[in-house]
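Quick look at start-v9.txt (compact mmCIF, C-alpha atoms):
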```txt
# COMPACT_ATOMS: atom_id res chain seq x y z
CA MET A 715 231.32 -91.38 94.21
CA SER A 716 228.52 -89.93 92.09
CA LYS A 717 229.11 -87.18 89.57
CA SER A 718 226.76 -84.36 88.73
CA ARG A 719 224.74 -84.35 85.55
CA THR A 720 226.04 -80.88 84.74
CA THR A 721 229.74 -81.30 85.62
CA ASN A 722 232.32 -84.08 85.53
CA TYR A 723 232.81 -83.80 89.31
CA SER A 724 230.48 -84.15 92.30
CA ARG A 725 228.64 -80.97 93.24
CA TRP A 726 228.45 -79.55 96.74
CA ASP A 727 224.77 -78.59 96.40
CA GLU A 728 223.66 -82.08 95.37
CA LEU A 729 225.03 -84.34 98.13
CA PRO A 730 224.60 -84.43 101.94
CA TYR A 731 227.53 -84.32 104.35
CA ALA A 732 228.37 -87.58 106.12
CA GLY A 733 225.97 -87.95 109.03
CA GLU A 734 223.31 -85.76 107.39
CA SER A 735 220.36 -86.72 105.21
CA ARG A 736 220.08 -83.70 102.90
CA PRO A 737 222.41 -81.38 100.99
CA VAL A 738 223.40 -78.24 102.90
CA GLU A 739 220.43 -75.90 103.24
CA ASN A 740 222.16 -73.14 105.22
CA PRO A 741 225.17 -72.10 103.08
CA GLU A 742 227.63 -69.65 104.61
CA ALA A 743 227.48 -66.24 102.90
CA PRO A 744 226.80 -67.61 99.38
CA PHE A 745 226.88 -64.13 97.80
CA ALA A 746 230.15 -63.00 99.38
CA GLY A 747 231.80 -63.39 95.98
CA SER A 748 229.99 -60.20 94.93
CA TRP A 749 230.90 -58.09 97.96
CA THR A 750 232.86 -54.83 97.90
CA THR A 751 236.59 -55.19 97.36
CA TYR A 752 239.48 -52.72 97.65
CA PHE A 753 242.28 -53.62 95.26
CA ILE A 754 240.26 -55.51 92.65
CA ARG A 755 236.74 -55.48 91.28
CA LEU A 756 234.53 -57.84 89.31
CA GLU A 757 233.38 -56.79 85.83
CA ASP A 758 231.41 -59.16 83.59
CA GLU A 759 232.71 -62.25 85.41
CA LYS A 760 236.29 -60.98 85.12
CA TRP A 761 238.54 -59.55 87.81
CA VAL A 762 240.27 -56.24 87.11
CA SER A 763 242.53 -53.94 89.11
CA THR A 764 240.64 -51.19 90.92
CA PHE A 765 243.46 -48.72 90.24
CA THR A 766 244.69 -49.55 86.74
CA GLY A 767 241.68 -51.27 85.18
CA GLU A 768 243.87 -54.06 83.82
CA THR A 769 242.39 -57.55 83.68
CA ILE A 770 243.71 -59.95 86.31
CA PRO A 771 243.97 -63.52 85.02
CA PHE A 772 244.06 -65.40 88.32
CA GLN A 773 245.85 -68.70 87.87
CA VAL A 774 243.78 -71.40 89.58
CA ARG A 775 242.99 -74.81 88.17
CA HIS A 776 239.48 -75.50 86.98
CA PRO A 777 237.93 -78.34 89.03
CA SER A 778 237.12 -80.30 85.87
CA THR A 779 240.87 -80.82 85.37
CA ILE A 780 241.35 -82.38 88.83
CA ASN A 781 241.13 -86.10 89.57
CA TRP A 782 239.06 -86.06 92.76
CA TYR A 783 239.26 -89.86 92.96
CA ARG A 784 242.97 -89.48 93.75
CA GLU A 785 242.39 -86.69 96.26
CA LEU A 786 239.91 -88.48 98.52
CA PRO A 787 242.19 -91.38 99.64
CA ILE A 788 244.75 -88.83 100.87
CA VAL A 789 242.13 -87.28 103.16
CA GLN A 790 241.00 -90.70 104.39
CA ARG A 791 244.56 -91.83 105.09
CA THR A 792 245.43 -88.56 106.84
CA LEU A 793 242.46 -88.83 109.20
CA ARG A 794 243.33 -92.43 110.08
CA ASN A 795 246.88 -91.49 111.06
CA LEU A 796 246.62 -88.08 112.70
CA THR A 797 249.39 -87.31 115.17
CA ARG A 798 248.98 -85.20 118.31
CA GLU A 799 250.89 -82.36 116.64
CA GLN A 800 248.68 -82.47 113.55
CA LYS A 801 245.58 -82.32 115.72
CA ALA A 802 247.00 -79.29 117.53
CA ILE A 803 247.74 -77.60 114.19
CA ALA A 804 244.24 -78.35 112.87
CA THR A 805 242.62 -77.05 116.04
CA TYR A 806 244.70 -73.88 116.21
CA TRP A 807 244.18 -72.70 112.64
CA GLY A 808 240.61 -74.01 112.55
CA THR A 809 239.45 -72.04 115.60
CA GLY A 810 237.33 -69.05 114.65
CA VAL A 811 237.33 -67.41 111.23
CA ALA A 812 240.27 -67.83 108.87
CA THR A 813 241.57 -64.30 109.51
CA LYS A 814 241.64 -64.72 113.31
CA GLN A 815 245.19 -66.05 113.59
CA TRP A 816 246.86 -63.53 111.26
CA THR A 817 246.08 -60.32 113.14
CA PRO A 818 248.18 -61.35 116.18
CA ILE A 819 251.05 -62.25 113.85
CA ALA A 820 250.90 -58.78 112.29
CA ASP A 821 250.76 -57.19 115.75
CA GLN A 822 253.81 -59.16 116.88
CA LEU A 823 255.79 -57.92 113.90
CA ILE A 824 254.66 -54.32 114.37
CA ASP A 825 255.67 -54.45 118.04
CA ALA A 826 259.00 -56.21 117.50
CA TYR A 827 260.13 -53.82 114.76
CA GLY A 828 259.02 -50.70 116.62
CA VAL A 829 256.77 -49.58 113.79
CA GLU A 830 255.52 -45.98 114.01
CA ALA A 831 251.82 -45.57 114.79
CA PRO A 832 250.70 -44.29 111.36
CA ARG A 833 252.68 -47.01 109.60
CA GLY A 834 251.27 -49.64 111.94
CA ALA A 835 247.76 -48.55 111.03
CA ARG A 836 248.66 -48.66 107.33
CA ILE A 837 250.10 -52.17 107.62
CA LEU A 838 246.97 -53.46 109.35
CA ALA A 839 244.72 -51.68 106.84
CA ALA A 840 246.62 -53.11 103.86
CA LEU A 841 246.62 -56.57 105.40
CA HIS A 842 242.91 -56.69 106.15
CA ALA A 843 241.87 -55.08 102.88
CA GLY A 844 243.95 -57.71 101.11
CA LEU A 845 242.43 -60.51 103.18
CA ASN A 846 238.96 -59.20 102.36
CA ASP A 847 239.76 -59.31 98.65
CA ALA A 848 241.24 -62.79 98.93
CA PHE A 849 238.09 -64.00 100.68
CA VAL A 850 235.78 -62.42 98.10
CA VAL A 851 237.68 -63.94 95.17
CA THR A 852 237.73 -67.34 96.87
CA TRP A 853 233.99 -67.20 97.55
CA PHE A 854 233.40 -66.21 93.94
CA TYR A 855 235.08 -69.40 92.77
CA LYS A 856 233.62 -71.57 95.53
CA PHE A 857 230.03 -70.82 94.58
CA LYS A 858 230.74 -70.64 90.87
CA TRP A 859 232.17 -74.17 90.78
CA LEU A 860 230.34 -75.77 93.74
CA VAL A 861 232.81 -78.61 94.32
CA ALA A 862 231.78 -81.25 96.87
CA ARG A 863 233.57 -81.70 100.21
CA PRO A 864 235.48 -84.88 101.15
CA ASN A 865 232.68 -86.04 103.45
CA GLN A 866 230.22 -85.77 100.58
CA LEU A 867 232.22 -88.23 98.51
CA ASP A 868 232.61 -90.63 101.45
CA ASP A 869 229.39 -90.80 103.47
CA GLU A 870 231.20 -92.50 106.37
CA LEU A 871 234.05 -90.00 106.65
CA ALA A 872 234.35 -88.71 110.22
CA THR A 873 236.29 -85.45 110.09
CA PHE A 874 238.44 -84.10 112.93
CA LEU A 875 236.78 -80.66 112.86
CA CYS A 876 233.34 -79.57 111.72
CA THR A 877 232.94 -79.29 107.96
CA PRO A 878 232.13 -75.68 106.95
CA ARG A 879 228.83 -74.95 105.21
CA HIS A 880 230.30 -73.88 101.89
CA PRO A 881 231.96 -75.62 98.90
CA THR A 882 235.42 -77.09 99.22
CA TYR A 883 237.35 -75.54 96.34
CA PRO A 884 239.46 -73.53 96.73
CA SER A 885 240.27 -73.38 100.45
CA GLY A 886 239.47 -70.07 102.16
CA HIS A 887 241.97 -70.65 104.97
CA ALA A 888 244.70 -71.31 102.41
CA ALA A 889 243.80 -68.25 100.32
CA VAL A 890 243.86 -65.99 103.37
CA ALA A 891 247.18 -67.48 104.46
CA GLY A 892 248.72 -66.96 101.04
CA ALA A 893 247.64 -63.33 100.88
CA ALA A 894 248.72 -62.60 104.46
CA ALA A 895 252.18 -64.08 103.97
CA VAL A 896 252.84 -62.01 100.84
CA ILE A 897 251.54 -58.72 102.27
CA LEU A 898 253.39 -59.07 105.58
CA SER A 899 256.55 -60.16 103.76
CA TYR A 900 256.38 -56.93 101.76
CA TYR A 901 256.62 -54.92 104.97
CA PHE A 902 258.92 -57.35 106.81
CA PRO A 903 261.02 -59.03 104.09
CA ALA A 904 263.49 -60.50 106.60
CA GLU A 905 260.63 -62.60 108.02
CA ARG A 906 259.50 -63.88 104.61
CA ARG A 907 260.61 -67.47 105.10
CA GLN A 908 258.89 -67.82 108.46
CA LEU A 909 255.70 -66.22 107.15
CA GLN A 910 255.62 -68.56 104.17
CA GLN A 911 256.06 -71.55 106.46
CA LEU A 912 253.15 -70.37 108.59
CA ALA A 913 251.00 -69.92 105.48
CA GLU A 914 251.80 -73.44 104.32
CA GLU A 915 251.01 -74.82 107.77
CA ALA A 916 247.68 -72.96 107.88
CA ALA A 917 246.77 -74.41 104.49
CA GLN A 918 247.87 -77.93 105.47
CA SER A 919 245.84 -77.70 108.67
CA ARG A 920 242.65 -78.03 106.64
CA LEU A 921 243.76 -81.43 105.40
CA TYR A 922 244.46 -82.47 109.00
CA ALA A 923 240.96 -81.30 109.88
CA GLY A 924 239.58 -83.58 107.17
CA VAL A 925 237.50 -80.81 105.62
CA HIS A 926 239.58 -80.14 102.49
CA PHE A 927 241.33 -82.04 99.74
CA PRO A 928 245.07 -81.37 99.29
CA ILE A 929 244.40 -79.62 95.99
CA ASP A 930 241.99 -77.20 97.71
CA ASN A 931 244.81 -76.04 99.95
CA GLU A 932 247.44 -75.96 97.22
CA GLN A 933 245.33 -73.90 94.84
CA GLY A 934 243.91 -71.73 97.62
CA LEU A 935 247.42 -70.83 98.72
CA ARG A 936 248.32 -70.07 95.13
CA LEU A 937 245.24 -67.88 94.63
CA GLY A 938 245.80 -65.96 97.87
CA SER A 939 249.44 -65.35 96.99
CA GLN A 940 248.36 -63.81 93.69
CA VAL A 941 245.99 -61.48 95.52
CA GLY A 942 248.80 -60.55 97.90
CA GLU A 943 251.17 -59.78 95.02
CA LEU A 944 248.55 -57.57 93.41
CA VAL A 945 248.08 -55.69 96.69
CA THR A 946 251.79 -55.10 97.20
CA ARG A 947 252.28 -53.89 93.62
CA GLN A 948 249.69 -51.21 94.27
CA LEU A 949 251.21 -50.30 97.64
CA GLN A 950 254.57 -49.75 95.97
CA ARG A 951 253.01 -47.09 93.73
CA ASN A 952 251.77 -45.00 96.67
CA ARG A 953 253.61 -41.69 97.24
CA ASP A 954 253.34 -38.89 99.79
CA THR A 955 253.21 -35.13 99.06
CA GLU A 956 257.00 -35.11 98.68
CA ASN A 957 256.70 -37.83 96.02
CA GLN A 958 258.43 -40.25 98.35
CA SER A 959 257.40 -43.87 98.65
CA ILE A 960 255.11 -44.21 101.66
CA ASP A 961 256.29 -47.67 102.61
CA THR A 962 259.75 -48.37 104.00
CA PRO A 963 260.03 -52.14 104.48
CA TYR A 964 261.88 -53.28 107.60
CA ARG A 965 264.80 -55.23 106.15
CA ASN A 966 266.87 -55.86 109.27
CA SER A 967 266.30 -59.38 110.53
CA LEU A 968 265.07 -59.70 114.11
CA ASN A 969 263.99 -63.34 113.75
CA VAL A 970 260.77 -62.62 115.61
CA LYS A 971 259.24 -65.68 117.23
CA LEU A 972 255.75 -65.72 115.80
CA THR A 973 252.72 -67.72 116.88
CA PRO A 974 251.30 -70.36 116.70
CA PRO A 975 253.65 -72.62 118.76
CA PRO A 976 252.70 -73.78 121.37
CA TYR A 977 249.35 -73.64 119.52
CA GLU A 978 247.43 -71.71 122.17
CA GLN A 979 244.98 -69.05 121.04
CA VAL A 980 246.31 -65.51 121.42
CA ILE A 981 242.74 -64.30 121.92
CA PRO A 982 240.89 -67.25 123.50
CA PHE A 983 237.17 -67.70 122.99
CA GLN A 984 234.90 -70.64 123.73
CA PHE A 985 233.53 -71.29 120.25
CA ASP A 986 230.64 -73.66 119.68
CA ASP A 987 232.21 -76.78 118.16
CA SER A 988 229.03 -78.81 117.75
CA CYS A 989 228.48 -80.26 114.28
CA ASP A 990 225.59 -81.59 112.24
CA SER A 991 228.00 -83.60 110.11
CA LEU A 992 229.91 -86.69 111.24
CA VAL A 993 233.03 -86.01 113.33
CA ALA A 994 235.50 -88.31 115.05
CA LYS A 995 235.16 -88.68 118.81
CA LYS A 996 237.87 -86.85 120.68
CA SER A 997 238.65 -85.73 124.19
CA ASN A 998 238.31 -82.11 125.19
CA PRO A 999 241.88 -80.91 125.83
CA LYS A 1000 240.71 -77.53 127.09
CA ARG A 1001 238.69 -79.15 129.84
CA ASN A 1002 241.63 -81.31 130.91
CA ASN A 1003 244.03 -78.38 130.91
CA THR A 1004 241.57 -76.29 132.90
CA TYR A 1005 241.43 -78.63 135.88
CA GLN A 1006 244.76 -80.46 135.95
CA ILE A 1007 246.86 -77.57 137.19
CA PRO A 1008 244.64 -76.47 140.12
CA ILE A 1009 244.24 -80.07 141.33
CA ARG A 1010 248.00 -80.61 141.35
CA MET A 1011 248.50 -77.39 143.27
CA VAL A 1012 245.91 -78.36 145.88
CA GLN A 1013 247.35 -81.87 146.19
CA SER A 1014 250.83 -80.44 146.75
CA TYR A 1015 249.50 -78.02 149.35
CA PHE A 1016 247.80 -80.76 151.37
CA ILE A 1017 250.81 -83.06 151.18
CA ASN A 1018 253.02 -80.36 152.65
CA LEU A 1019 250.38 -79.55 155.24
CA ARG A 1020 250.21 -83.17 156.35
CA LYS A 1021 253.97 -83.28 156.81
CA LYS A 1022 253.87 -80.22 159.04
CA LEU A 1023 250.92 -81.44 161.07
CA SER A 1024 252.51 -84.83 161.64
CA LEU A 1025 255.22 -83.12 163.67
CA MET A 1026 252.70 -81.53 166.00
CA SER A 1027 250.52 -82.84 168.81
CA SER A 1028 248.31 -85.91 168.58
CA LYS A 1029 245.30 -83.63 168.51
CA LYS A 1030 246.59 -81.95 165.41
CA ILE A 1031 247.45 -85.32 163.95
CA ARG A 1032 243.77 -86.18 164.25
CA THR A 1033 243.11 -82.92 162.44
CA ASP A 1034 245.50 -84.20 159.76
CA SER A 1035 243.43 -87.37 159.46
CA PHE A 1036 240.33 -85.26 159.06
CA ILE A 1037 242.05 -83.24 156.32
CA SER A 1038 243.13 -86.48 154.65
CA ARG A 1039 239.53 -87.66 154.52
CA ILE A 1040 238.56 -84.36 152.92
CA VAL A 1041 241.33 -84.76 150.33
CA VAL A 1042 240.14 -88.28 149.51
CA ARG A 1043 236.59 -87.03 149.03
CA ILE A 1044 237.74 -84.17 146.81
CA PHE A 1045 240.03 -86.21 144.60
```

Can you give me the file's structure in the form of structure tokens?
Amino acid sequence: MSKSRTTNYSRWDELPYAGESRPVENPEAPFAGSWTTYFIRLEDEKWVSTFTGETIPFQVRHPSTINWYRELPIVQRTLRNLTREQKAIATYWGTGVATKQWTPIADQLIDAYGVEAPRGARILAALHAGLNDAFVVTWFYKFKWLVARPNQLDDELATFLCTPRHPTYPSGHAAVAGAAAVILSYYFPAERRQLQQLAEEAAQSRLYAGVHFPIDNEQGLRLGSQVGELVTRQLQRNRDTENQSIDTPYRNSLNVKLTPPPYEQVIPFQFDDSCDSLVAKKSNPKRNNTYQIPIRMVQSYFINLRKKLSLMSSKKIRTDSFISRIVVRIF
């Protein structure tokens, strides 16, 4: 593992991904850390509250204090011993952008609790504004610190999913998950435990994918939770024209069964999963699932048909033989 001349850790912009010959030349939205935010804003390299102007001292470890030598073996060991469930978790949370899986969760809660239309819109607006801010803060730190990915420290590391084209620390998926869990728990406090478990699973999924170190996920979750807390503090201050609090959290527990189990996409889309970096060979479960069920149905149909035809005339039995030959050719 080589270290940068300017930092005591390996830099993302100085090393190629495993399977590639050059450092990443097509970074993903490198200036997103300067984009418009809603609840916070950046002033002179410091984050402040948009509404109060107070400085926000986000608590996230500086990468120079982390022993990356101890982090890498955990990623390597995890990839060597992935279970079927861990692969399903990695695939589910790693499909599409990091915000993709949280909108259906919010919708399920809004539906289950019978939320009024204006309040439903407010919940979704608060959630997505908070997720935007969490993403912007995360990207600010990612491209400020430029910490190398696991497959840049091990040039033979075959990840389970494609490695994103941006620095590793902190994890964007984890930050989004942390913010989403806090904001949704504010509106649906009875579901807090389940939401926190989902956030932790979403963060952990990036380790299963092989694209993040454990510390990326831990600190990303921590950072996102802080953004979520800041959002909810501001929401609590909001009043209507009668000086009544706008938000009325739904405190009765309905124990809503939230996705992801059984880890099927709520809004399916055939994303391009081709990679330039090195990935482990794996079967395509979607392709298998697509064709297994129809084949079984057709097989069952022909078996029953053969039984019926066998009771008929010899002429129809010959027809059965003809059908059997067709079945053999098909399957």

Need to verify the contact set: Val861 in chain A, 8 Å, all atoms listed in the file, exclusion of same-chain residues closer than 5 positions in sequence. Can you return it as a PDB file with C-alpha atoms, keeping the file's coordinate frame?
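And here is the file that came out, around.pdb:
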```pdb
ATOM      1  CA  TYR A 723     232.810 -83.800  89.310  1.00  0.00           C
ATOM      2  CA  SER A 724     230.480 -84.150  92.300  1.00  0.00           C
ATOM      3  CA  ARG A 725     228.640 -80.970  93.240  1.00  0.00           C
ATOM      4  CA  TRP A 726     228.450 -79.550  96.740  1.00  0.00           C
ATOM      5  CA  PRO A 777     237.930 -78.340  89.030  1.00  0.00           C
ATOM      6  CA  LYS A 856     233.620 -71.570  95.530  1.00  0.00           C
ATOM      7  CA  PRO A 881     231.960 -75.620  98.900  1.00  0.00           C
ATOM      8  CA  THR A 882     235.420 -77.090  99.220  1.00  0.00           C
ATOM      9  CA  TYR A 883     237.350 -75.540  96.340  1.00  0.00           C
TER      10      TYR A 883
END
```

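The shell of residues at most 6 Å from Ala893 in chain A, with only C-alpha atoms counted and near chain neighbours (fewer than 2 positions) removed, consists of Val890, Ala891, Ala895, Val896, Gly938, Ser939, Val941 and Gly942 of chain A.
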
Only C-alpha atoms, please: the residues just picked out, written as a CSV table (one decimal), in the coordinates of the input.
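result.csv written:
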```csv
chain,number,residue,atom,x,y,z
A,890,VAL,CA,243.9,-66.0,103.4
A,891,ALA,CA,247.2,-67.5,104.5
A,895,ALA,CA,252.2,-64.1,104.0
A,896,VAL,CA,252.8,-62.0,100.8
A,938,GLY,CA,245.8,-66.0,97.9
A,939,SER,CA,249.4,-65.4,97.0
A,941,VAL,CA,246.0,-61.5,95.5
A,942,GLY,CA,248.8,-60.6,97.9
```

- Message: I'd like the contact shell of Pro974 in chain A - 9 Å cut-off, only C-alpha atoms, skipping same-chain residues fewer than 4 positions apart - returned as number ranges by chain.
- Response: A: 803, 806-807, 815, 819, 912, 978-980

- Query: Around (244.9, -69.8, 96.2) in the file's own coordinates, what residues are found within 12 Å if you use only C-alpha atoms, given back as a ChimeraX atom specification?
  - Reply: /A:772-775,845,847-853,855-856,883-894,913-914,917,928-943

- Can you work out the spacing between CA of Ala804 in chain A and CA of Asn865 in chain A in Å, to one decimal? 16.8 Å

Could you write range 799-833 of chain A as a compact mmCIF listing (two decimals), in the coordinates of the input, with N, CA and C atoms rebuilt where they are missing?
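So rebuild.txt came out as:
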```txt
# COMPACT_ATOMS: atom_id res chain seq x y z
N GLU A 799 250.49 -83.67 117.17
CA GLU A 799 250.89 -82.36 116.64
C GLU A 799 249.95 -81.91 115.52
N GLN A 800 249.59 -82.82 114.64
CA GLN A 800 248.68 -82.47 113.55
C GLN A 800 247.31 -82.05 114.07
N LYS A 801 246.86 -82.70 115.11
CA LYS A 801 245.58 -82.32 115.72
C LYS A 801 245.67 -80.92 116.32
N ALA A 802 246.80 -80.63 116.95
CA ALA A 802 247.00 -79.29 117.53
C ALA A 802 247.01 -78.23 116.44
N ILE A 803 247.67 -78.54 115.32
CA ILE A 803 247.74 -77.60 114.19
C ILE A 803 246.34 -77.38 113.61
N ALA A 804 245.60 -78.46 113.41
CA ALA A 804 244.24 -78.35 112.87
C ALA A 804 243.35 -77.52 113.78
N THR A 805 243.45 -77.77 115.08
CA THR A 805 242.62 -77.05 116.04
C THR A 805 242.97 -75.57 116.10
N TYR A 806 244.28 -75.28 116.11
CA TYR A 806 244.70 -73.88 116.21
C TYR A 806 244.20 -73.06 115.03
N TRP A 807 244.54 -73.48 113.82
CA TRP A 807 244.18 -72.70 112.64
C TRP A 807 242.69 -72.79 112.34
N GLY A 808 242.03 -73.83 112.82
CA GLY A 808 240.61 -74.01 112.55
C GLY A 808 239.69 -73.38 113.58
N THR A 809 240.26 -72.69 114.57
CA THR A 809 239.45 -72.04 115.60
C THR A 809 239.08 -70.63 115.17
N GLY A 810 237.78 -70.37 115.09
CA GLY A 810 237.33 -69.05 114.65
C GLY A 810 237.42 -68.89 113.14
N VAL A 811 237.28 -67.66 112.68
CA VAL A 811 237.33 -67.41 111.23
C VAL A 811 238.77 -67.47 110.74
N ALA A 812 238.93 -67.60 109.45
CA ALA A 812 240.27 -67.83 108.87
C ALA A 812 241.23 -66.66 109.10
N THR A 813 240.71 -65.47 109.30
CA THR A 813 241.57 -64.30 109.51
C THR A 813 242.02 -64.16 110.96
N LYS A 814 241.42 -64.91 111.87
CA LYS A 814 241.64 -64.72 113.31
C LYS A 814 243.10 -64.85 113.72
N GLN A 815 243.83 -65.78 113.13
CA GLN A 815 245.19 -66.05 113.59
C GLN A 815 246.23 -65.10 112.99
N TRP A 816 245.86 -64.37 111.94
CA TRP A 816 246.86 -63.53 111.26
C TRP A 816 247.01 -62.14 111.87
N THR A 817 245.96 -61.63 112.50
CA THR A 817 246.08 -60.32 113.14
C THR A 817 247.11 -60.31 114.27
N PRO A 818 247.13 -61.32 115.16
CA PRO A 818 248.18 -61.35 116.18
C PRO A 818 249.59 -61.44 115.60
N ILE A 819 249.73 -62.15 114.49
CA ILE A 819 251.05 -62.25 113.85
C ILE A 819 251.50 -60.87 113.36
N ALA A 820 250.57 -60.14 112.74
CA ALA A 820 250.90 -58.78 112.29
C ALA A 820 251.25 -57.89 113.48
N ASP A 821 250.49 -57.99 114.55
CA ASP A 821 250.76 -57.19 115.75
C ASP A 821 252.13 -57.49 116.34
N GLN A 822 252.50 -58.77 116.35
CA GLN A 822 253.81 -59.16 116.88
C GLN A 822 254.94 -58.53 116.07
N LEU A 823 254.78 -58.52 114.76
CA LEU A 823 255.79 -57.92 113.90
C LEU A 823 255.86 -56.41 114.09
N ILE A 824 254.71 -55.77 114.17
CA ILE A 824 254.66 -54.32 114.37
C ILE A 824 255.33 -53.95 115.69
N ASP A 825 255.06 -54.72 116.73
CA ASP A 825 255.67 -54.45 118.04
C ASP A 825 257.18 -54.68 118.01
N ALA A 826 257.58 -55.83 117.47
CA ALA A 826 259.00 -56.21 117.50
C ALA A 826 259.87 -55.24 116.71
N TYR A 827 259.35 -54.73 115.60
CA TYR A 827 260.13 -53.82 114.76
C TYR A 827 259.94 -52.35 115.12
N GLY A 828 259.20 -52.08 116.18
CA GLY A 828 259.02 -50.70 116.62
C GLY A 828 258.40 -49.81 115.57
N VAL A 829 257.40 -50.32 114.89
CA VAL A 829 256.77 -49.58 113.79
C VAL A 829 256.05 -48.34 114.33
N GLU A 830 256.19 -47.21 113.63
CA GLU A 830 255.52 -45.98 114.01
C GLU A 830 254.01 -46.15 113.90
N ALA A 831 253.27 -45.41 114.72
CA ALA A 831 251.82 -45.57 114.79
C ALA A 831 251.11 -45.45 113.44
N PRO A 832 251.38 -44.39 112.65
CA PRO A 832 250.70 -44.29 111.36
C PRO A 832 251.03 -45.45 110.42
N ARG A 833 252.28 -45.89 110.46
CA ARG A 833 252.68 -47.01 109.60
C ARG A 833 252.05 -48.32 110.10
```
